[in-house]
file final-v5.txt (compact mmCIF, C-alpha atoms)
# COMPACT_ATOMS: atom_id res chain seq x y z
CA MET A 1 36.08 14.33 -70.82
CA LEU A 2 35.12 15.68 -67.40
CA PHE A 3 37.16 17.15 -64.53
CA ASP A 4 35.90 16.50 -60.98
CA THR A 5 37.58 19.48 -59.32
CA HIS A 6 36.87 18.45 -55.71
CA ALA A 7 36.81 14.92 -54.31
CA HIS A 8 37.96 13.23 -51.11
CA LEU A 9 39.12 9.83 -52.31
CA ASN A 10 41.60 10.03 -49.43
CA VAL A 11 39.03 9.35 -46.67
CA ASN A 12 38.00 6.09 -45.01
CA GLN A 13 34.84 5.68 -47.11
CA PHE A 14 37.09 4.70 -50.03
CA ALA A 15 39.59 2.59 -48.10
CA GLU A 16 38.26 -0.71 -49.43
CA ASP A 17 37.52 0.05 -53.08
CA GLY A 18 39.35 3.23 -54.08
CA ALA A 19 40.92 1.65 -57.15
CA GLU A 20 37.53 0.47 -58.41
CA VAL A 21 36.04 3.94 -57.83
CA ILE A 22 38.78 5.57 -59.89
CA LYS A 23 38.36 2.97 -62.64
CA ARG A 24 34.59 3.59 -62.75
CA ALA A 25 35.18 7.31 -63.04
CA ASN A 26 37.61 6.87 -65.92
CA GLU A 27 35.16 4.56 -67.69
CA GLN A 28 32.47 7.27 -67.38
CA GLY A 29 34.71 9.85 -69.03
CA ILE A 30 36.06 11.55 -65.90
CA SER A 31 39.66 11.94 -66.97
CA LYS A 32 40.86 14.21 -64.16
CA ILE A 33 40.08 14.28 -60.44
CA ALA A 34 41.35 16.80 -57.88
CA VAL A 35 41.74 15.09 -54.52
CA VAL A 36 41.63 17.47 -51.57
CA GLY A 37 43.63 16.92 -48.39
CA PHE A 38 42.52 18.94 -45.36
CA ASP A 39 44.50 17.58 -42.37
CA HIS A 40 47.73 15.65 -41.82
CA GLU A 41 46.38 12.22 -42.76
CA THR A 42 44.33 13.25 -45.79
CA ILE A 43 47.12 15.47 -47.14
CA GLU A 44 49.52 12.53 -47.17
CA LYS A 45 46.93 10.29 -48.82
CA ALA A 46 46.10 12.89 -51.49
CA LEU A 47 49.77 13.17 -52.42
CA ALA A 48 50.17 9.39 -52.45
CA LEU A 49 47.16 8.92 -54.73
CA ALA A 50 48.53 11.54 -57.12
CA GLU A 51 51.75 9.56 -57.38
CA MET A 52 49.83 6.35 -58.08
CA TYR A 53 47.34 7.67 -60.64
CA SER A 54 48.04 10.06 -63.49
CA CYS A 55 44.40 11.24 -63.45
CA ILE A 56 44.64 12.58 -59.88
CA TYR A 57 45.80 16.08 -58.95
CA PRO A 58 46.36 16.99 -55.29
CA ILE A 59 45.02 20.03 -53.47
CA ILE A 60 46.22 20.51 -49.91
CA GLY A 61 45.32 22.88 -47.10
CA TRP A 62 43.75 23.09 -43.66
CA HIS A 63 40.00 22.75 -43.13
CA PRO A 64 38.26 25.30 -40.85
CA THR A 65 36.98 22.52 -38.58
CA GLU A 66 40.67 21.76 -37.92
CA ALA A 67 41.62 25.41 -37.28
CA GLY A 68 42.52 24.83 -33.63
CA ARG A 69 45.23 22.39 -34.71
CA TYR A 70 46.88 24.79 -37.13
CA SER A 71 50.39 25.85 -36.15
CA ASP A 72 53.63 27.23 -37.50
CA GLN A 73 54.72 23.63 -38.07
CA VAL A 74 51.60 22.89 -40.12
CA GLU A 75 52.18 26.02 -42.17
CA GLU A 76 55.80 25.12 -42.80
CA LYS A 77 54.73 21.65 -43.92
CA LEU A 78 52.15 23.05 -46.34
CA ILE A 79 54.70 25.44 -47.82
CA ARG A 80 57.28 22.67 -48.25
CA LEU A 81 54.82 20.28 -49.90
CA ILE A 82 53.38 22.89 -52.24
CA GLN A 83 56.90 23.85 -53.30
CA THR A 84 58.11 20.27 -53.83
CA LYS A 85 55.02 18.38 -55.03
CA ASP A 86 52.74 18.91 -58.03
CA VAL A 87 50.00 20.56 -55.97
CA VAL A 88 47.45 22.43 -58.12
CA ALA A 89 45.73 24.54 -55.44
CA MET A 90 45.70 25.25 -51.71
CA GLY A 91 42.66 24.28 -49.65
CA GLU A 92 40.18 23.59 -48.67
CA MET A 93 40.30 26.57 -46.37
CA GLY A 94 37.64 28.96 -45.15
CA LEU A 95 35.07 29.20 -42.38
CA ASP A 96 32.51 26.80 -40.91
CA TYR A 97 30.03 28.31 -38.49
CA HIS A 98 27.76 25.24 -38.60
CA TRP A 99 29.98 22.88 -36.63
CA MET A 100 31.91 25.65 -34.82
CA GLU A 101 34.74 23.37 -33.75
CA ASP A 102 36.75 26.50 -32.98
CA PRO A 103 35.80 30.16 -32.28
CA LYS A 104 35.25 32.48 -35.23
CA GLU A 105 38.38 34.45 -34.38
CA VAL A 106 40.55 31.33 -34.58
CA GLN A 107 39.02 30.22 -37.86
CA ILE A 108 39.42 33.67 -39.43
CA ASP A 109 43.05 33.91 -38.35
CA VAL A 110 43.89 30.50 -39.88
CA PHE A 111 41.96 31.43 -43.02
CA ARG A 112 43.93 34.66 -43.43
CA ARG A 113 47.24 32.91 -42.80
CA GLN A 114 46.56 30.35 -45.51
CA ILE A 115 45.52 32.98 -48.05
CA ARG A 116 48.77 34.82 -47.40
CA VAL A 117 50.76 31.61 -47.88
CA ALA A 118 48.94 30.96 -51.15
CA LYS A 119 49.73 34.48 -52.34
CA GLN A 120 53.36 34.02 -51.37
CA LEU A 121 53.47 30.78 -53.38
CA ASP A 122 51.27 32.14 -56.20
CA ILE A 123 48.76 29.29 -56.12
CA PRO A 124 44.93 29.43 -56.31
CA ILE A 125 42.80 28.60 -53.28
CA VAL A 126 39.72 26.46 -52.63
CA ILE A 127 37.10 27.89 -50.27
CA HIS A 128 34.91 26.05 -47.79
CA ASN A 129 31.95 28.17 -46.66
CA ARG A 130 29.25 26.88 -44.34
CA ASP A 131 26.91 29.35 -42.64
CA SER A 132 29.67 31.96 -42.85
CA THR A 133 29.16 33.76 -46.16
CA GLU A 134 29.46 37.35 -44.93
CA ASP A 135 32.75 36.71 -43.15
CA VAL A 136 34.18 34.57 -45.96
CA TYR A 137 33.46 37.34 -48.43
CA GLN A 138 34.96 40.02 -46.17
CA VAL A 139 38.16 38.06 -45.56
CA LEU A 140 38.61 37.32 -49.28
CA LYS A 141 38.03 40.96 -50.12
CA GLU A 142 40.38 42.31 -47.46
CA GLU A 143 43.11 39.82 -48.40
CA HIS A 144 42.82 40.73 -52.12
CA VAL A 145 42.13 37.20 -53.31
CA GLU A 146 41.96 38.51 -56.88
CA ASP A 147 45.77 38.33 -56.90
CA ILE A 148 45.61 34.52 -57.04
CA GLY A 149 41.97 33.56 -57.64
CA GLY A 150 40.39 30.31 -56.65
CA ILE A 151 37.20 28.31 -56.25
CA MET A 152 34.01 28.76 -54.26
CA HIS A 153 33.65 25.04 -53.60
CA SER A 154 30.19 23.41 -53.72
CA PHE A 155 28.51 26.75 -54.32
CA ASN A 156 24.91 26.88 -53.06
CA LEU A 157 24.09 30.59 -52.84
CA THR A 158 21.99 33.10 -54.76
CA PRO A 159 23.03 34.80 -58.01
CA ILE A 160 23.56 38.01 -56.01
CA TRP A 161 26.21 36.36 -53.83
CA GLN A 162 27.63 34.63 -56.85
CA GLU A 163 28.18 37.99 -58.51
CA ARG A 164 29.97 39.31 -55.44
CA PHE A 165 32.40 36.39 -55.39
CA LEU A 166 32.90 36.62 -59.14
CA ASP A 167 33.84 40.27 -58.65
CA LEU A 168 36.67 39.05 -56.41
CA GLY A 169 37.98 36.90 -59.26
CA MET A 170 36.69 33.57 -57.95
CA HIS A 171 35.46 30.58 -59.94
CA ILE A 172 32.12 28.97 -59.03
CA SER A 173 32.02 25.19 -58.61
CA PHE A 174 28.74 23.27 -58.63
CA SER A 175 28.30 19.95 -56.83
CA GLY A 176 25.49 17.42 -56.54
CA VAL A 177 23.50 20.01 -54.56
CA LEU A 178 22.60 21.50 -57.95
CA THR A 179 20.51 18.41 -58.75
CA PHE A 180 18.37 18.61 -55.60
CA LYS A 181 14.79 19.63 -56.35
CA ASN A 182 14.69 22.26 -53.59
CA ALA A 183 18.03 23.88 -54.53
CA ILE A 184 16.37 26.87 -56.17
CA ASP A 185 19.08 29.44 -55.40
CA VAL A 186 21.93 27.35 -56.77
CA LYS A 187 19.94 26.43 -59.89
CA GLU A 188 19.40 30.12 -60.58
CA SER A 189 23.10 30.76 -60.06
CA ALA A 190 24.04 27.99 -62.48
CA LYS A 191 21.85 29.54 -65.15
CA VAL A 192 23.73 32.84 -65.12
CA VAL A 193 27.32 32.10 -64.07
CA PRO A 194 29.78 33.19 -66.79
CA LEU A 195 30.89 30.13 -68.73
CA ASP A 196 34.56 30.94 -68.19
CA LYS A 197 34.12 30.87 -64.40
CA MET A 198 32.12 27.62 -64.11
CA LEU A 199 33.46 24.37 -62.64
CA ILE A 200 31.93 21.05 -61.56
CA GLU A 201 32.72 18.71 -58.68
CA THR A 202 31.36 15.89 -56.55
CA ASP A 203 32.79 16.54 -53.07
CA SER A 204 32.88 12.74 -52.85
CA PRO A 205 31.92 10.91 -50.68
CA TYR A 206 29.45 13.64 -49.69
CA LEU A 207 26.51 15.33 -51.46
CA ALA A 208 25.68 12.60 -53.96
CA PRO A 209 23.50 13.99 -56.76
CA HIS A 210 19.98 12.88 -57.55
CA PRO A 211 19.04 10.03 -58.03
CA ASN A 212 21.81 8.82 -55.72
CA ARG A 213 21.13 11.32 -52.94
CA GLY A 214 21.85 9.83 -49.54
CA LYS A 215 24.31 7.28 -50.90
CA ARG A 216 28.09 7.47 -51.03
CA ASN A 217 29.12 9.92 -53.71
CA GLU A 218 31.98 9.19 -56.14
CA PRO A 219 33.67 11.00 -59.05
CA ALA A 220 31.73 9.07 -61.71
CA TYR A 221 28.64 10.99 -60.58
CA VAL A 222 30.06 14.36 -61.64
CA LYS A 223 28.48 13.57 -65.00
CA LEU A 224 25.07 14.07 -63.35
CA VAL A 225 26.09 17.59 -62.31
CA ALA A 226 27.18 18.33 -65.87
CA GLU A 227 23.85 17.01 -67.17
CA GLU A 228 21.90 19.30 -64.83
CA ILE A 229 23.90 22.35 -65.92
CA ALA A 230 23.28 21.40 -69.53
CA ARG A 231 19.54 21.13 -68.84
CA LEU A 232 19.40 24.47 -67.03
CA ARG A 233 21.36 26.35 -69.67
CA GLY A 234 20.15 24.68 -72.85
CA MET A 235 23.61 23.28 -73.60
CA THR A 236 24.83 19.82 -74.45
CA VAL A 237 26.71 17.79 -71.85
CA GLU A 238 29.67 17.80 -74.23
CA GLU A 239 29.69 21.60 -74.23
CA VAL A 240 29.58 21.71 -70.42
CA ALA A 241 32.41 19.19 -70.27
CA GLU A 242 34.55 21.18 -72.69
CA VAL A 243 34.03 24.49 -70.90
CA THR A 244 34.59 23.18 -67.36
CA MET A 245 37.64 21.16 -68.38
CA LYS A 246 39.18 24.21 -70.02
CA ASN A 247 38.47 26.37 -66.96
CA ALA A 248 39.94 23.85 -64.51
CA ASN A 249 43.04 23.28 -66.61
CA LYS A 250 43.62 27.03 -66.85
CA LEU A 251 43.05 27.70 -63.14
CA PHE A 252 45.23 24.79 -62.06
CA ARG A 253 47.85 25.69 -64.68
CA LEU A 254 47.72 22.32 -66.36
CA ILE A 255 47.84 23.91 -69.82
call {"tool": "encode", "arguments": {"input": "final-v5.txt", "output": "structure tokens"}}
result
Amino acid sequence: MLFDTHAHLNVNQFAEDGAEVIKRANEQGISKIAVVGFDHETIEKALALAEMYSCIYPIIGWHPTEAGRYSDQVEEKLIRLIQTKDVVAMGEMGLDYHWMEDPKEVQIDVFRRQIRVAKQLDIPIVIHNRDSTEDVYQVLKEEHVEDIGGIMHSFNLTPIWQERFLDLGMHISFSGVLTFKNAIDVKESAKVVPLDKMLIETDSPYLAPHPNRGKRNEPAYVKLVAEEIARLRGMTVEEVAEVTMKNANKLFRLI
């Protein structure tokens, strides 16, 4: 059984066939899927999907590309939902200096605020990092993320950076990027990440793994990520599945 720890089945790309996508995943042995809500609409859809399907676990937070829309009201809503719903983590939060929808200062402030909420509620966090590694690391370090832990989502950095985030108590989650031929850094990271800190994900509908690169991604394809980790580490897919399932269940407090 596999756990896709990061998917967006709550976006328009799955509006027409979401039920079929979930069924396909279950048939492929993906027994648990974390669906991540990152703004008002997707948060509501993530929670609704979790009520409809026992295999879905909601994660809610505020994406850095939405930082300018964050407010006290948004924060109050997140706190209320995390306290009253079966939310397993807070996110995805972080920094995105690629799109730069809002200034760095605004993004960092919203990032810090969400970490502090998560610490207040004692819930792990899920980190989005795009072209912002130095600042993401500094914020996590200064905010003492080790108190709650969390996930470096769709990790694509070198083993050196991996070690630094591991030192902060973070888990490392590998997506379809790991299967790309030119993803040398992330392949090297996957070879050496401690087994008890390793997770897998799809980030559906984005980042479909080889040989489906460029197509819509879906949770069923997380098996391809597990297969690549198994190849890189000389493990069986069953061993990768067992380890990553155990890690996700422990982090999300499902056991």
call {"tool": "residues_around", "arguments": {"input": "final-v5.txt", "residues": "A:Val193", "least_positions_apart": "2", "cutoff": "8 Å", "atoms": "all atoms listed in the file", "output": "MDAnalysis selection string"}}
result
chainID A and resid 159 162 172 189:191 195 197:198
call {"tool": "atom_distance", "arguments": {"input": "final-v5.txt", "atom1": "atom CA of A:Ile43", "atom2": "atom CA of A:Glu92"}}
result
10.8 Å
call {"tool": "atom_distance", "arguments": {"input": "final-v5.txt", "atom1": "atom CA of A:Thr244", "atom2": "atom CA of A:Gly91"}}
result
19.5 Å
call {"tool": "residues_around", "arguments": {"input": "final-v5.txt", "residues": "A:Val237", "least_positions_apart": "6", "cutoff": "9 Å", "atoms": "all atoms listed in the file", "output": "PyMOL selection string"}}
result
chain A and resi 223+226-231
call {"tool": "atom_distance", "arguments": {"input": "final-v5.txt", "atom1": "atom CA of A:Gln107", "atom2": "atom CA of A:Pro64"}}
result
5.8 Å
call {"tool": "decode", "arguments": {"input": "final-v5.txt", "residues": "stretch 51-99 of chain A", "atoms": "N, CA and C atoms", "output": "compact mmCIF listing (two decimals), in the first residue's frame"}}
result
# COMPACT_ATOMS: atom_id res chain seq x y z
N GLU A 51 -14.45 14.16 3.43
CA GLU A 51 -15.70 13.66 3.99
C GLU A 51 -16.33 12.60 3.09
N MET A 52 -16.05 12.68 1.80
CA MET A 52 -16.63 11.75 0.83
C MET A 52 -15.85 10.44 0.72
N TYR A 53 -14.52 10.52 0.91
CA TYR A 53 -13.67 9.34 0.68
C TYR A 53 -12.81 9.06 1.91
N SER A 54 -12.87 7.84 2.39
CA SER A 54 -12.10 7.47 3.57
C SER A 54 -10.60 7.43 3.31
N CYS A 55 -10.19 7.36 2.04
CA CYS A 55 -8.77 7.30 1.70
C CYS A 55 -8.11 8.67 1.61
N ILE A 56 -8.89 9.74 1.76
CA ILE A 56 -8.37 11.10 1.58
C ILE A 56 -8.24 11.80 2.92
N TYR A 57 -7.08 12.47 3.08
CA TYR A 57 -6.75 13.20 4.30
C TYR A 57 -6.42 14.64 3.92
N PRO A 58 -7.11 15.62 4.52
CA PRO A 58 -6.90 17.01 4.12
C PRO A 58 -5.71 17.69 4.80
N ILE A 59 -5.03 18.48 4.01
CA ILE A 59 -4.00 19.42 4.48
C ILE A 59 -4.45 20.79 4.03
N ILE A 60 -4.44 21.77 4.92
CA ILE A 60 -4.89 23.11 4.52
C ILE A 60 -3.91 24.17 4.99
N GLY A 61 -3.77 25.21 4.16
CA GLY A 61 -2.89 26.32 4.48
C GLY A 61 -2.99 27.37 3.40
N TRP A 62 -2.01 28.24 3.33
CA TRP A 62 -2.07 29.37 2.40
C TRP A 62 -0.79 29.43 1.57
N HIS A 63 -0.95 29.26 0.27
CA HIS A 63 0.18 29.19 -0.66
C HIS A 63 0.89 30.55 -0.76
N PRO A 64 2.23 30.54 -0.93
CA PRO A 64 2.94 31.83 -1.02
C PRO A 64 2.52 32.71 -2.20
N THR A 65 2.01 32.10 -3.28
CA THR A 65 1.55 32.94 -4.39
C THR A 65 0.23 33.64 -4.06
N GLU A 66 -0.37 33.27 -2.92
CA GLU A 66 -1.59 33.91 -2.44
C GLU A 66 -1.32 34.81 -1.24
N ALA A 67 -0.06 35.06 -0.93
CA ALA A 67 0.31 35.75 0.31
C ALA A 67 -0.37 37.10 0.47
N GLY A 68 -0.53 37.82 -0.62
CA GLY A 68 -1.14 39.15 -0.55
C GLY A 68 -2.59 39.13 -0.13
N ARG A 69 -3.22 37.97 -0.19
CA ARG A 69 -4.62 37.83 0.20
C ARG A 69 -4.78 37.28 1.62
N TYR A 70 -3.68 37.01 2.27
CA TYR A 70 -3.74 36.51 3.64
C TYR A 70 -4.20 37.64 4.56
N SER A 71 -4.94 37.29 5.59
CA SER A 71 -5.48 38.30 6.50
C SER A 71 -5.76 37.66 7.85
N ASP A 72 -6.14 38.48 8.80
CA ASP A 72 -6.54 37.94 10.10
C ASP A 72 -7.72 37.00 9.96
N GLN A 73 -8.63 37.33 9.03
CA GLN A 73 -9.81 36.50 8.82
C GLN A 73 -9.42 35.13 8.26
N VAL A 74 -8.47 35.13 7.32
CA VAL A 74 -7.98 33.87 6.77
C VAL A 74 -7.35 33.03 7.87
N GLU A 75 -6.55 33.68 8.69
CA GLU A 75 -5.88 32.96 9.78
C GLU A 75 -6.89 32.37 10.76
N GLU A 76 -7.90 33.14 11.10
CA GLU A 76 -8.93 32.66 12.01
C GLU A 76 -9.67 31.46 11.41
N LYS A 77 -9.90 31.51 10.11
CA LYS A 77 -10.57 30.40 9.43
C LYS A 77 -9.71 29.14 9.47
N LEU A 78 -8.42 29.28 9.18
CA LEU A 78 -7.52 28.14 9.22
C LEU A 78 -7.49 27.51 10.61
N ILE A 79 -7.38 28.35 11.63
CA ILE A 79 -7.36 27.85 13.00
C ILE A 79 -8.64 27.08 13.32
N ARG A 80 -9.76 27.66 12.96
CA ARG A 80 -11.07 27.02 13.25
C ARG A 80 -11.18 25.67 12.55
N LEU A 81 -10.80 25.62 11.28
CA LEU A 81 -10.92 24.38 10.52
C LEU A 81 -9.97 23.30 11.02
N ILE A 82 -8.75 23.71 11.35
CA ILE A 82 -7.79 22.72 11.86
C ILE A 82 -8.26 22.17 13.20
N GLN A 83 -8.90 23.00 14.00
CA GLN A 83 -9.37 22.56 15.31
C GLN A 83 -10.63 21.69 15.23
N THR A 84 -11.42 21.87 14.17
CA THR A 84 -12.72 21.18 14.10
C THR A 84 -12.79 20.08 13.06
N LYS A 85 -11.84 20.03 12.13
CA LYS A 85 -11.84 19.01 11.09
C LYS A 85 -10.63 18.08 11.29
N ASP A 86 -10.65 16.94 10.61
CA ASP A 86 -9.55 15.98 10.74
C ASP A 86 -8.41 16.33 9.79
N VAL A 87 -7.83 17.51 9.99
CA VAL A 87 -6.73 17.99 9.16
C VAL A 87 -5.43 17.39 9.67
N VAL A 88 -4.59 16.85 8.75
CA VAL A 88 -3.39 16.14 9.19
C VAL A 88 -2.12 16.99 9.17
N ALA A 89 -2.16 18.13 8.47
CA ALA A 89 -1.00 19.02 8.43
C ALA A 89 -1.46 20.38 7.95
N MET A 90 -0.60 21.38 8.11
CA MET A 90 -0.91 22.73 7.67
C MET A 90 0.01 23.11 6.52
N GLY A 91 -0.55 23.55 5.41
CA GLY A 91 0.23 23.92 4.25
C GLY A 91 -0.63 23.84 2.99
N GLU A 92 -0.12 24.08 1.79
CA GLU A 92 1.31 24.26 1.74
C GLU A 92 1.64 25.73 1.91
N MET A 93 2.65 25.97 2.68
CA MET A 93 3.12 27.33 2.96
C MET A 93 4.58 27.42 2.56
N GLY A 94 5.10 28.63 2.52
CA GLY A 94 6.51 28.78 2.17
C GLY A 94 6.77 30.03 1.37
N LEU A 95 7.70 29.92 0.42
CA LEU A 95 8.11 31.06 -0.39
C LEU A 95 8.20 30.64 -1.86
N ASP A 96 7.85 31.58 -2.74
CA ASP A 96 7.95 31.34 -4.18
C ASP A 96 8.50 32.59 -4.85
N TYR A 97 9.81 32.54 -5.14
CA TYR A 97 10.46 33.68 -5.77
C TYR A 97 10.51 33.53 -7.29
N HIS A 98 9.88 32.48 -7.82
CA HIS A 98 9.80 32.31 -9.28
C HIS A 98 8.69 33.19 -9.83
N TRP A 99 7.49 33.03 -9.29
CA TRP A 99 6.35 33.81 -9.78
C TRP A 99 6.31 35.20 -9.17
